[in-house]
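Peer 1: Next up is a structure, given as structure tokens.
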Amino acid sequence: MSRPQSRPSLLEPNDPMLRSWVPGANNPDGDFPIQNLPYGIVDGAAAVRIGDSLLVLQDALHAGLFSDELLAWDSFEEGLELPFLNLIAELPHDLRRRLRSELAGFFVEGSSVRARVEPLLRDATRAAPEIPFSIGDYTDFYASLHHATNVGSMFRPTNPLLPNWKHVPIGYHGRASSVVASGTGVVRPCGQTVSNDDGPPSFGQSRLLDYELEVGFFVGHGNELGSRIDIAKAWSHIFGFCLVNDWSARDIQKWEYQPLGPFLAKNFLTTVSPWVVTADAIAPFLVPGPVRGTDDPLPLPYLSDPDSRNVDITLEVLVSSEKMRAAGQPATLISRGSFKDMFWTPAQMLAHHASNGCNMQAGDLLASGTVSGPEKESRGCLLERTWRGAEPITLGDGTERKFLQDGDEVIMRGYCERPGRPRIGFGECRGIVQPAR
């Protein structure tokens with residue numbers, strides 16, 4: 001490996017005035033400006049995305065582009081060689097900030113190392129999405145008040161929220177082995193379903209397949225078994241964010257969820273977007289956490305965040321049928337909402353998860369649960385959007401949907417916008433429904 005010939009410029013990547021020489025990076029409607037620089041895995045190696053291009057970090061390493069300060073850290077070079085981001089996420093925060101700053105120095109207009117970086121860039125549109133982390137554990141929450149109220153009112157009209165909901169972030173342990181990259185086919189699951197609430201059940205394919213629009217975040221450094229994560233420090237344990245589609249079989253869920261909650265109705269597949277937007281990159285888009293109503297209970301002290309913060313992420317769901325894609329028709333926008341509407345914040349979810357001494361580890365994935373807002377158009381799943389099928393939606397080809405059909409593709413998008421700042425995007429989270437096997 002050659003040594004650095006000139007030290008990369010140290011920049012503040014969140015500076016809204018920065019511009020890049022990389023094609024597509026200055027597109028006002030693009031997801032990946034120089035202020036973003038999300039991480040992912042490409043051809044089994046860590047990479048960073050900018051504009052229409054990506055840079056494999058080990059290529060930059062072998063070209064001698066990184067500073068001695070980064071190279072001196074024991075796990076830095078090893079982290080760039082591995083097929084997942086876990087070791088990068090575990091780097092001390094000051095080193096992760098330095099890495100992001102040096103990368104910005106590669107791509108900024110007028111960069112002194114442009115001639116050395118430009119030949120290393122690859123076309124991001126040709127990269128196959130990969131899982132960004134080696135995910136040891138996956139937990140899904142139920143953190144949207146609007147979603148919980150809507151779903152509860154369908155089954156308990158007079159008492160939609162259970163007594164514990166506003167006191168404790170509710171969640172369940174998902175299946176890390178079935179978390180897949182964007183673009184992976186979604187095989188329609190089979191399971192037990194019933195024609196009436198009391199059974200008896202029959203076994204067969206799910207007919208009420210649904211998506212769930214969620215935001216996920218990956219743990220950076222964790223905590224030792226038996227210890228807790230202080231709510232005031234929880235944000236510093238979060239490495240970055242992604243989009244999550246927690247596919248759900250509503251008819252299987254209806255029969256199995258009592259008394260212990262979701263099981264086979266959800267663990268058959270969970271799709272994540274390939275680019276992880278760092279917590280540092282979304283810092284300019286933090287907003288105050290939810291304001292509780294006068295009748296709402298105050299959070300217990302271990303969940304009382306002195307810096308209560310959420311993220312203003314606009315989230316969209318689009319659906320296209322196989323017929324629409326064959327005809328070249330655009331996908332139909334089904335819903336648009338915002339993550340800022342969540343009742344429980346990422347810090348509260350993480351602090352609660354570790355509050356019993358559960359040891360969180362780098363690469364653990366926590367998802368928010370369905371993100372729904374106060375309007376019908378901001379409901380984040382078909383169960384809510386069609387109100388259990390009573391109000392079907394119409395796609396661009398004129399066909400109606402109560403739930404997903406074979407051949408349907410679900411596309412999720414997310415982005416942060418604020419006047420005076422470049423848009424920070426997450427890319428897309430996609431999946432096409434395939435017949436049951």
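Note on naming: chains are A, B, ... as they come in the structure tokens, residues start from 1 per chain, ligands start from 1 in the order shown.
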List every residue of stretch 133-210 of chain A that has an atom at most 10 Å from any atom of stretch 301-322 of chain A, giving for each one its closest atom pair and the distance in Å to one decimal, counting only C-alpha atoms, sorted by chain and then by ascending residue number, as a Markdown table.

Peer 2:
| residue | atom | partner | partner_atom | distance |
| --- | --- | --- | --- | --- |
| A:His167 | CA | A:Leu303 | CA | 9.3 |
| A:Val168 | CA | A:Leu303 | CA | 8.7 |
| A:Pro169 | CA | A:Leu303 | CA | 9.5 |

Peer 1: Excluding stretch 256-269 of chain A and residues on its chain fewer than 4 positions from it, collect all residues at most 12 Å away from it, counting only C-alpha atoms, and give them as a PDB file with C-alpha atoms, in the first residue's frame.

Peer 2:
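After the write, part-v8.pdb holds the following:
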ATOM      1  CA  TYR A 138     -33.215  -7.542  14.761  1.00  0.00           C
ATOM      2  CA  THR A 139     -35.944  -5.919  16.864  1.00  0.00           C
ATOM      3  CA  ASP A 140     -39.068  -4.256  15.543  1.00  0.00           C
ATOM      4  CA  PHE A 141     -40.975  -1.644  17.538  1.00  0.00           C
ATOM      5  CA  TYR A 142     -44.534  -0.305  17.443  1.00  0.00           C
ATOM      6  CA  ILE A 170     -43.530  -1.934  22.571  1.00  0.00           C
ATOM      7  CA  GLY A 171     -41.478  -4.241  20.369  1.00  0.00           C
ATOM      8  CA  TYR A 172     -40.818  -7.826  19.375  1.00  0.00           C
ATOM      9  CA  HIS A 173     -37.712  -9.747  18.360  1.00  0.00           C
ATOM     10  CA  GLY A 174     -37.644 -10.416  14.641  1.00  0.00           C
ATOM     11  CA  ARG A 175     -35.558 -12.865  12.649  1.00  0.00           C
ATOM     12  CA  ALA A 176     -32.127 -11.539  11.590  1.00  0.00           C
ATOM     13  CA  SER A 177     -31.594 -14.435   9.164  1.00  0.00           C
ATOM     14  CA  SER A 178     -34.499 -13.301   6.966  1.00  0.00           C
ATOM     15  CA  VAL A 179     -33.399  -9.647   6.663  1.00  0.00           C
ATOM     16  CA  VAL A 180     -32.608  -9.185   2.966  1.00  0.00           C
ATOM     17  CA  ALA A 181     -31.278  -6.555   0.609  1.00  0.00           C
ATOM     18  CA  SER A 182     -33.486  -4.329  -1.522  1.00  0.00           C
ATOM     19  CA  THR A 184     -34.825  -9.570  -3.171  1.00  0.00           C
ATOM     20  CA  GLY A 185     -37.994 -11.372  -4.218  1.00  0.00           C
ATOM     21  CA  VAL A 186     -40.785 -11.677  -1.644  1.00  0.00           C
ATOM     22  CA  VAL A 187     -42.160 -15.227  -1.653  1.00  0.00           C
ATOM     23  CA  ARG A 188     -45.744 -15.197  -0.441  1.00  0.00           C
ATOM     24  CA  PRO A 189     -45.702 -16.995   2.914  1.00  0.00           C
ATOM     25  CA  CYS A 190     -47.831 -19.899   4.027  1.00  0.00           C
ATOM     26  CA  GLY A 191     -49.278 -20.452   7.464  1.00  0.00           C
ATOM     27  CA  GLN A 192     -52.351 -21.097   9.562  1.00  0.00           C
ATOM     28  CA  THR A 193     -55.347 -18.880   8.873  1.00  0.00           C
ATOM     29  CA  VAL A 194     -58.978 -18.930   9.969  1.00  0.00           C
ATOM     30  CA  ASP A 197     -62.031 -15.719  14.983  1.00  0.00           C
ATOM     31  CA  ASP A 198     -62.540 -19.020  16.830  1.00  0.00           C
ATOM     32  CA  GLY A 199     -61.129 -21.319  14.144  1.00  0.00           C
ATOM     33  CA  PRO A 201     -57.494 -23.120  11.210  1.00  0.00           C
ATOM     34  CA  GLN A 205     -50.836 -19.305   1.467  1.00  0.00           C
ATOM     35  CA  SER A 206     -51.477 -15.888   2.948  1.00  0.00           C
ATOM     36  CA  ARG A 207     -54.087 -13.897   1.054  1.00  0.00           C
ATOM     37  CA  LEU A 208     -53.667 -10.674   3.032  1.00  0.00           C
ATOM     38  CA  LEU A 209     -50.016  -9.824   2.330  1.00  0.00           C
ATOM     39  CA  ASP A 210     -49.028  -6.312   3.381  1.00  0.00           C
ATOM     40  CA  TYR A 211     -46.025  -4.018   3.551  1.00  0.00           C
ATOM     41  CA  GLU A 212     -44.985  -1.901   6.528  1.00  0.00           C
ATOM     42  CA  VAL A 244     -37.176  -1.012   6.304  1.00  0.00           C
ATOM     43  CA  ASN A 245     -40.101  -2.923   4.830  1.00  0.00           C
ATOM     44  CA  ASP A 246     -41.354  -5.361   7.458  1.00  0.00           C
ATOM     45  CA  TRP A 247     -43.549  -7.507   5.212  1.00  0.00           C
ATOM     46  CA  SER A 248     -46.595  -8.804   7.072  1.00  0.00           C
ATOM     47  CA  ALA A 249     -49.150 -11.559   6.474  1.00  0.00           C
ATOM     48  CA  ARG A 250     -52.220 -10.088   8.147  1.00  0.00           C
ATOM     49  CA  ASP A 251     -54.359 -13.228   8.061  1.00  0.00           C
ATOM     50  CA  ILE A 252     -51.618 -15.332   9.654  1.00  0.00           C
ATOM     51  CA  GLY A 369     -42.620  -0.123  13.367  1.00  0.00           C
ATOM     52  CA  GLY A 431     -39.371  -5.931  -3.372  1.00  0.00           C
ATOM     53  CA  ILE A 432     -41.593  -7.837  -5.839  1.00  0.00           C
ATOM     54  CA  VAL A 433     -44.164 -10.334  -4.542  1.00  0.00           C
ATOM     55  CA  ALA A 436     -46.116 -19.100  -2.702  1.00  0.00           C
TER      56      ALA A 436
END

Peer 1: List the neighbours of A:Val117 out to 10 Å using only C-alpha atoms; skip same-chain residues closer than 5 positions along the sequence, and give me the result as a list in words.

Peer 2: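 Contacts, in chain order: Leu55, Asp59, Ala60, Ala63, Leu65, Phe106, Phe107, Ser111 and Ser112 of chain A.
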
Peer 1: Write to file, as a compact mmCIF listing (two decimals), in the first residue's frame, the residues of the selection just made, with C-alpha atoms.

Peer 2:
# COMPACT_ATOMS: atom_id res chain seq x y z
CA LEU A 55 -16.00 4.57 -4.00
CA ASP A 59 -9.51 0.97 -3.25
CA ALA A 60 -8.89 4.31 -1.57
CA ALA A 63 -4.16 4.10 -3.24
CA LEU A 65 -5.51 8.26 0.25
CA PHE A 106 -11.83 13.61 -1.83
CA PHE A 107 -15.04 14.73 -3.53
CA SER A 111 -9.96 18.65 -4.27
CA SER A 112 -6.19 18.21 -4.39

Peer 1: Can you tell me which residues surround stretch 43-54 of chain A at a distance of at most 7 Å, considering only C-alpha atoms, apart from same-chain residues fewer than 5 positions away, and format the answer as number ranges by chain?

Peer 2: A: 22-25, 32-34, 37-38, 80-85, 121-125

Peer 1: Restrict the selected residues to C-alpha atoms and save them as an mmCIF file, in the first residue's frame.

Peer 2:
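Final output, out_26.cif:
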data_model
loop_
_atom_site.group_PDB
_atom_site.id
_atom_site.type_symbol
_atom_site.label_atom_id
_atom_site.label_comp_id
_atom_site.auth_asym_id
_atom_site.auth_seq_id
_atom_site.Cartn_x
_atom_site.Cartn_y
_atom_site.Cartn_z
ATOM 1 C CA VAL A 22 -18.694 14.029 -8.910
ATOM 2 C CA PRO A 23 -21.500 13.722 -11.521
ATOM 3 C CA GLY A 24 -24.968 13.816 -9.967
ATOM 4 C CA ALA A 25 -23.776 14.990 -6.568
ATOM 5 C CA PHE A 32 -26.574 11.581 -2.434
ATOM 6 C CA PRO A 33 -24.882 14.997 -2.253
ATOM 7 C CA ILE A 34 -21.480 15.479 -0.633
ATOM 8 C CA LEU A 37 -21.892 10.139 2.002
ATOM 9 C CA PRO A 38 -23.772 7.026 3.178
ATOM 10 C CA LEU A 80 -12.436 -1.710 5.150
ATOM 11 C CA GLU A 81 -11.631 -5.232 3.992
ATOM 12 C CA LEU A 82 -14.624 -6.988 5.557
ATOM 13 C CA PRO A 83 -17.922 -7.646 3.697
ATOM 14 C CA PHE A 84 -19.942 -5.721 6.284
ATOM 15 C CA LEU A 85 -19.799 -2.373 8.100
ATOM 16 C CA LEU A 121 -15.054 5.648 -8.876
ATOM 17 C CA ARG A 122 -17.606 3.081 -10.007
ATOM 18 C CA ASP A 123 -21.087 3.478 -11.493
ATOM 19 C CA ALA A 124 -23.458 3.173 -8.538
ATOM 20 C CA THR A 125 -26.406 2.271 -10.768
#

Peer 1: If I take atom CA of A:Ser153 and atom CA of A:Lys402, how far is one from the other in Å, to one decimal?

Peer 2: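 If I compute the distance from atom CA of A:Ser153 to atom CA of A:Lys402, I get 18.3 Å.
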
Peer 1: So, with only C-alpha atoms as the atoms that count, which of A:Arg98, A:Pro92, A:Leu365, A:Glu384 lies closest to A:Asp68?

Peer 2: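 Looking only at the distances to A:Asp68, the closest residue turns out to be A:Arg98.
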
Peer 1: When you count only C-alpha atoms, which of these residues is closest to A:Val56: A:Asp94, A:Asp15, A:Glu118, A:Glu428?

Peer 2: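 Comparing A:Asp94, A:Asp15, A:Glu118, A:Glu428 against A:Val56, the winner is A:Glu118.
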
Peer 1: Considering only C-alpha atoms, state which residue in the set A:Asn159, A:Gln348, A:Ser134, A:Thr278 is at the smallest distance from A:Ala232.

Peer 2: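 That would be A:Gln348, the residue with the smallest distance to A:Ala232.
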
Peer 1: Name the residues of stretch 214-401 of chain A that come out as strand (DSSP E) in a backbone DSSP run; write them as an MDAnalysis selection string.

Peer 2: chainID A and resid 214:219 238:245 248:249 270:272 277:278 286:288 309:311 314:320 332:338 365:367 393:394 400:401

Peer 1: Please return, as a PyMOL selection string, all residues of stretch 44-150 of chain A that DSSP assigns to alpha helix (DSSP H) on the basis of the backbone.

Peer 2: chain A and resi 57-62+68-71+76-81+86-90+93-107+114-117+145-150

Peer 1: Let me make sure I understand: among A:Leu71, A:Leu91, A:Leu213, A:Ile238, which one has the smallest atom-to-atom distance to A:Thr270 if we use only C-alpha atoms?

Peer 2: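 Using only C-alpha atoms, the shortest distance to A:Thr270 belongs to A:Leu213.
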
Peer 1: Taking only C-alpha atoms into account, name the residue in A:Ile424, A:Val42, A:Leu120, A:Ala326 that is nearest to A:Leu61.

Peer 2: A:Leu120

Peer 1: Give the answer as one residue: which of A:His353, A:His146, A:Arg19, A:His221 has the shortest atom-to-atom distance to A:Gly105, using only C-alpha atoms?

Peer 2: A:Arg19

Peer 1: For atom CA of A:Ser368 and atom CA of A:Gly427, determine how far apart the two atoms are, in Å to one decimal place.

Peer 2: 18.2 Å

Peer 1: Just to confirm, what's the straight-line distance from atom CA of A:Ala234 to atom CA of A:Ala347 in Å (one decimal)?

Peer 2: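 Atom-to-atom, atom CA of A:Ala234 and atom CA of A:Ala347 are spaced 5.1 Å apart.
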